[in-house]
Amino acid sequence: MTATQTLAETPAAETEHFDVLIVGAGISGIGAAYHLTHQRPGTSFVILDALDHFGGTWWTHKYPGVRSDSDLYTFGYRFKPWVGAPIATAGEILRYMDEVIEENDLAKYIRYSHKVLTAKWSTETSRWTIEANDTKAGVTRRFTANFLWMCQGYYRHEQGYTPEWPGMDQYQGQIIHPQTWPKDLDLKGKKVICIGSGATTATVVPAIAGECEHVTVLQRSPTYFIPGRNQNELADILREIDIPEEWIHEIVRRKILHDQAVFTQRSFDEPETVKNELLTGVRAYLGPDYDVDKHFTPSYRPWRQRIAFVPDGDIFRGIRAGKASVVTDEIDTFTPRGIRTKSGEELEADIIITATGFNMNALGDIAFEIDGKPLAFHDTVTYRGMMFTGIPNLLWVFGYFRASWTLRADLMADFVCRLLAHMEKKGVSKVEIVIPEADKDMKLLPWIDPENFNPGYLMRAMDILPMRGEKHEWQHTQDYWREKDEIPAIDLDGPEFQYS
Ligand SMILES: Cc1cc2nc3c(=O)[nH]c(=O)nc-3n(C[C@H](O)[C@H](O)[C@H](O)COP(=O)(O)OP(=O)(O)OC[C@H]3O[C@@H](n4cnc5c(N)ncnc54)[C@H](O)[C@@H]3O)c2cc1C
């Protein structure tokens, strides 16, 4: 095929067929490939990724200090021990993934610079037809697959979310979103404002505070943080007594998951006590004179949004040293020299960083069709946050927000492999999720309950995400501790699964 050919001109013979097509070579997609090769050797598959490298999130984000906000014993796969400090940099996570690819010979399955544009299901052939733009060759390529394993994440990689504020066009400095950080940004001697109060702010601010003249964190409302040492004592003790890394990985994972389960439950049962504990941790770094009530005391109960771990309390140490400061106020307008807040304060800045979150997307912005009809994803109902009514032979790996994402990626992988084996045994080529008669009158609700979990990027995306049902089987419960037992025990011949 030449660089100028379009898909319409692509000979049908050039269509490649695979048993499984995986979209995305991030932590989920690489995990999917590992499990397929181990649990279903002989299955033909390919991974397509729009980027020119594996890693997804960890390749896209290049702002200073980018790191995980949860521990790598649980963010790492269950099958590959993590041997470093619990909180890891993007570079360390990429190296870990590189080892997984190398040790399991997975590189040959990945096609980079392939942006999937369309996916069309045909009941007649019981297959998906996928069109992808090969951006390096400048051509569109066509694939068919029996099963689509969606590991495309949950946000648009090419552009982050920046709200529109009045006066932005008159601001004479530079506005930067952390997701598209310029390679050679010179911060020396610059005044910087970082808008936002989440994990990105907590990461980028300590990383740049030493370099620029001053960083002001401008937040509308405070967030919870857990400061602590970037160290796992149990892992250190086990290493000292020469326990094999495989055991350490498993034992430390179990201990962390146990502690997290207790913490999550306590945040529901005794939110005030948990809140006080978290604030005491922050006060210990900021000292008795700092206004923790104003700047670090959220109005919501703990765990309604993800809580970032702050290794060695680095952002708080930057504040205490006077390199960074926090303003809790709303933006009234951008001015030529900075930002004026609603309380009338004028903040000057040469650079404004908008750590304001993601542009969430559904199914990788791919145009889906089911038997010739465009898919209205919002009209589908989710089955356990992984499959959807009216979309055959497809699973989306949507991880956890309250626990590490990869815990669910591993669980989903076991489920797909089991489902594929089940279909093979039954001699069927199509599986579709249906709401059983008994649940037909179940009330349908938006994807997530804002009383339970309500980050801005999810709230903004409610109209593009599927519906959930009242019963927990028809929800993404975000409950690892329940799903770790329930998902392996799902009866694949239950009334929710319709085969043909
Ligand atoms: C800075 C940052 C820190 C985070 N820290 C943590 C943490 O500590 N713990 C945690 O649990 N979670 C964390 N998260 C959430 C994190 O995104 C997930 O945990 C996880 O990395 C997602 O992996 P993924 O492979 O499912 O998706 P992604 O990492 O988003 O990868 C998806 C891949 O799919 C590709 N893709 C998407 N659409 C298409 C298409 N149409 N065609 C082809 N390819 C496509 C993308 O190019 C990308 O490579 C963090 C997120 C960010 C941004």
# chains A, B, ... in the order shown; residues from 1 in each chain; ligands from 1
$ residues_near_ligand --ligand "ligand 1" --cutoff "6 Å" --atoms "only C-alpha atoms and all ligand atoms" --output "mmCIF file with N, CA and C atoms, in the first residue's frame"
data_model
loop_
_atom_site.group_PDB
_atom_site.id
_atom_site.type_symbol
_atom_site.label_atom_id
_atom_site.label_comp_id
_atom_site.auth_asym_id
_atom_site.auth_seq_id
_atom_site.Cartn_x
_atom_site.Cartn_y
_atom_site.Cartn_z
ATOM 1 N N VAL A 23 -6.701 -2.807 22.148
ATOM 2 C CA VAL A 23 -6.439 -1.386 21.877
ATOM 3 C C VAL A 23 -5.697 -0.816 23.084
ATOM 4 N N GLY A 24 -4.448 -0.371 22.867
ATOM 5 C CA GLY A 24 -3.697 0.288 23.940
ATOM 6 C C GLY A 24 -2.547 -0.563 24.466
ATOM 7 N N ALA A 25 -1.362 0.043 24.517
ATOM 8 C CA ALA A 25 -0.179 -0.643 25.051
ATOM 9 C C ALA A 25 0.273 0.020 26.346
ATOM 10 N N GLY A 26 -0.698 0.409 27.171
ATOM 11 C CA GLY A 26 -0.398 0.917 28.506
ATOM 12 C C GLY A 26 -0.289 -0.256 29.465
ATOM 13 N N ILE A 27 -0.386 0.026 30.764
ATOM 14 C CA ILE A 27 -0.222 -1.036 31.765
ATOM 15 C C ILE A 27 -1.299 -2.111 31.571
ATOM 16 N N SER A 28 -2.511 -1.702 31.136
ATOM 17 C CA SER A 28 -3.593 -2.675 30.935
ATOM 18 C C SER A 28 -3.322 -3.549 29.709
ATOM 19 N N GLY A 29 -2.944 -2.923 28.586
ATOM 20 C CA GLY A 29 -2.755 -3.669 27.336
ATOM 21 C C GLY A 29 -1.575 -4.631 27.405
ATOM 22 N N LEU A 48 -2.740 -2.556 19.197
ATOM 23 C CA LEU A 48 -2.559 -1.315 18.441
ATOM 24 C C LEU A 48 -2.495 -0.159 19.416
ATOM 25 N N ASP A 49 -1.522 0.718 19.233
ATOM 26 C CA ASP A 49 -1.466 1.917 20.072
ATOM 27 C C ASP A 49 -1.153 3.136 19.229
ATOM 28 N N ALA A 50 -1.865 4.228 19.511
ATOM 29 C CA ALA A 50 -1.676 5.470 18.764
ATOM 30 C C ALA A 50 -0.307 6.089 19.027
ATOM 31 N N LEU A 51 0.272 5.837 20.214
ATOM 32 C CA LEU A 51 1.564 6.434 20.559
ATOM 33 C C LEU A 51 2.703 5.657 19.885
ATOM 34 N N GLY A 55 3.432 2.112 27.357
ATOM 35 C CA GLY A 55 3.399 2.818 28.643
ATOM 36 C C GLY A 55 2.164 3.674 28.863
ATOM 37 N N GLY A 56 1.508 4.122 27.773
ATOM 38 C CA GLY A 56 0.297 4.940 27.929
ATOM 39 C C GLY A 56 0.547 6.143 28.815
ATOM 40 N N THR A 57 -0.173 6.207 29.924
ATOM 41 C CA THR A 57 -0.063 7.292 30.904
ATOM 42 C C THR A 57 1.382 7.641 31.237
ATOM 43 N N SER A 68 3.910 7.880 40.398
ATOM 44 C CA SER A 68 2.657 7.238 40.801
ATOM 45 C C SER A 68 2.166 7.904 42.083
ATOM 46 N N ASP A 69 0.867 7.813 42.324
ATOM 47 C CA ASP A 69 0.398 8.283 43.631
ATOM 48 C C ASP A 69 -0.074 7.111 44.479
ATOM 49 N N SER A 70 -0.027 5.902 43.920
ATOM 50 C CA SER A 70 -0.255 4.736 44.786
ATOM 51 C C SER A 70 0.986 3.845 44.726
ATOM 52 N N PHE A 75 0.283 -1.519 42.295
ATOM 53 C CA PHE A 75 0.142 -1.024 40.916
ATOM 54 C C PHE A 75 0.916 -1.920 39.950
ATOM 55 N N HIS A 114 -0.481 3.417 15.586
ATOM 56 C CA HIS A 114 -1.711 2.947 14.949
ATOM 57 C C HIS A 114 -2.891 3.481 15.750
ATOM 58 N N LYS A 115 -3.502 4.533 15.251
ATOM 59 C CA LYS A 115 -4.638 5.109 15.971
ATOM 60 C C LYS A 115 -5.933 4.486 15.445
ATOM 61 N N VAL A 116 -6.637 3.802 16.319
ATOM 62 C CA VAL A 116 -7.879 3.144 15.892
ATOM 63 C C VAL A 116 -8.955 4.200 15.711
ATOM 64 N N LEU A 117 -9.564 4.191 14.528
ATOM 65 C CA LEU A 117 -10.576 5.207 14.213
ATOM 66 C C LEU A 117 -11.989 4.646 14.276
ATOM 67 N N CYS A 151 -8.191 -1.594 26.072
ATOM 68 C CA CYS A 151 -7.239 -1.189 27.127
ATOM 69 C C CYS A 151 -6.792 0.233 26.830
ATOM 70 N N GLN A 152 -7.761 1.038 26.409
ATOM 71 C CA GLN A 152 -7.429 2.382 25.923
ATOM 72 C C GLN A 152 -7.451 3.428 27.018
ATOM 73 N N GLY A 153 -7.615 3.009 28.283
ATOM 74 C CA GLY A 153 -7.614 3.973 29.378
ATOM 75 C C GLY A 153 -8.932 4.729 29.454
ATOM 76 N N TYR A 154 -8.862 5.933 29.985
ATOM 77 C CA TYR A 154 -10.121 6.657 30.215
ATOM 78 C C TYR A 154 -10.040 8.136 29.874
ATOM 79 N N GLY A 364 -11.914 5.299 23.701
ATOM 80 C CA GLY A 364 -10.819 5.801 22.876
ATOM 81 C C GLY A 364 -11.225 6.690 21.718
ATOM 82 N N ASP A 365 -12.372 7.363 21.832
ATOM 83 C CA ASP A 365 -12.865 8.231 20.746
ATOM 84 C C ASP A 365 -13.017 7.468 19.427
ATOM 85 N N ILE A 366 -13.218 6.184 19.520
ATOM 86 C CA ILE A 366 -13.367 5.359 18.312
ATOM 87 C C ILE A 366 -14.840 5.393 17.896
ATOM 88 N N SER A 404 -5.239 0.291 43.355
ATOM 89 C CA SER A 404 -4.439 0.433 42.141
ATOM 90 C C SER A 404 -5.169 -0.127 40.924
ATOM 91 N N TRP A 405 -5.052 0.589 39.843
ATOM 92 C CA TRP A 405 -5.705 0.268 38.567
ATOM 93 C C TRP A 405 -5.390 -1.170 38.120
#
$ closest_atom_pairs --of "segment 388-477 of chain A" --to "segment 288-309 of chain A" --cutoff "8 Å" --atoms "only C-alpha atoms" --output "CSV"
residue,atom,partner,partner_atom,distance
A:Phe401,CA,A:Arg306,CA,6.3
A:Arg402,CA,A:Arg306,CA,6.1
A:Glu451,CA,A:Arg304,CA,7.4
A:Asn452,CA,A:Arg304,CA,5.8
A:Phe453,CA,A:Arg304,CA,4.4
A:Asn454,CA,A:Gln305,CA,6.0
A:Pro455,CA,A:Gln305,CA,5.6
$ write_last_selection --atoms "C-alpha atoms" --output "short mmCIF file (atom, residue, chain, number, x, y, z; two decimals), in the first residue's frame"
data_model
loop_
_atom_site.label_atom_id
_atom_site.label_comp_id
_atom_site.auth_asym_id
_atom_site.auth_seq_id
_atom_site.Cartn_x
_atom_site.Cartn_y
_atom_site.Cartn_z
CA PHE A 401 -9.59 4.67 41.54
CA ARG A 402 -9.58 3.73 45.24
CA GLU A 451 -22.24 10.54 46.78
CA ASN A 452 -19.70 7.73 46.61
CA PHE A 453 -16.99 9.11 44.29
CA ASN A 454 -17.03 12.41 42.44
CA PRO A 455 -13.87 13.69 40.75
#
$ atom_distance --atom1 "atom CA of Pro244 of chain A" --atom2 "atom CA of Trp82 of chain A"
11.8 Å
$ select_by_dssp --residues "segment 6-246 of chain A" --states "alpha helix (DSSP H)" --output "PyMOL selection string"
chain A and resi 27-39+57-60+72-75+90-103+199-209+233-240+245-246
$ residues_around --residues "segment 472-476 of chain A" --least-positions-apart "3" --cutoff "7 Å" --atoms "only C-alpha atoms" --output "list of chain:residue names"
A:Thr382, A:Tyr383, A:Arg384, A:Gly385, A:Arg468, A:Gly469
$ closest_residue --among "A:Ile30, A:Ala349, A:Val252, A:Ile195" --to "Pro81 of chain A" --atoms "only C-alpha atoms"
A:Val252
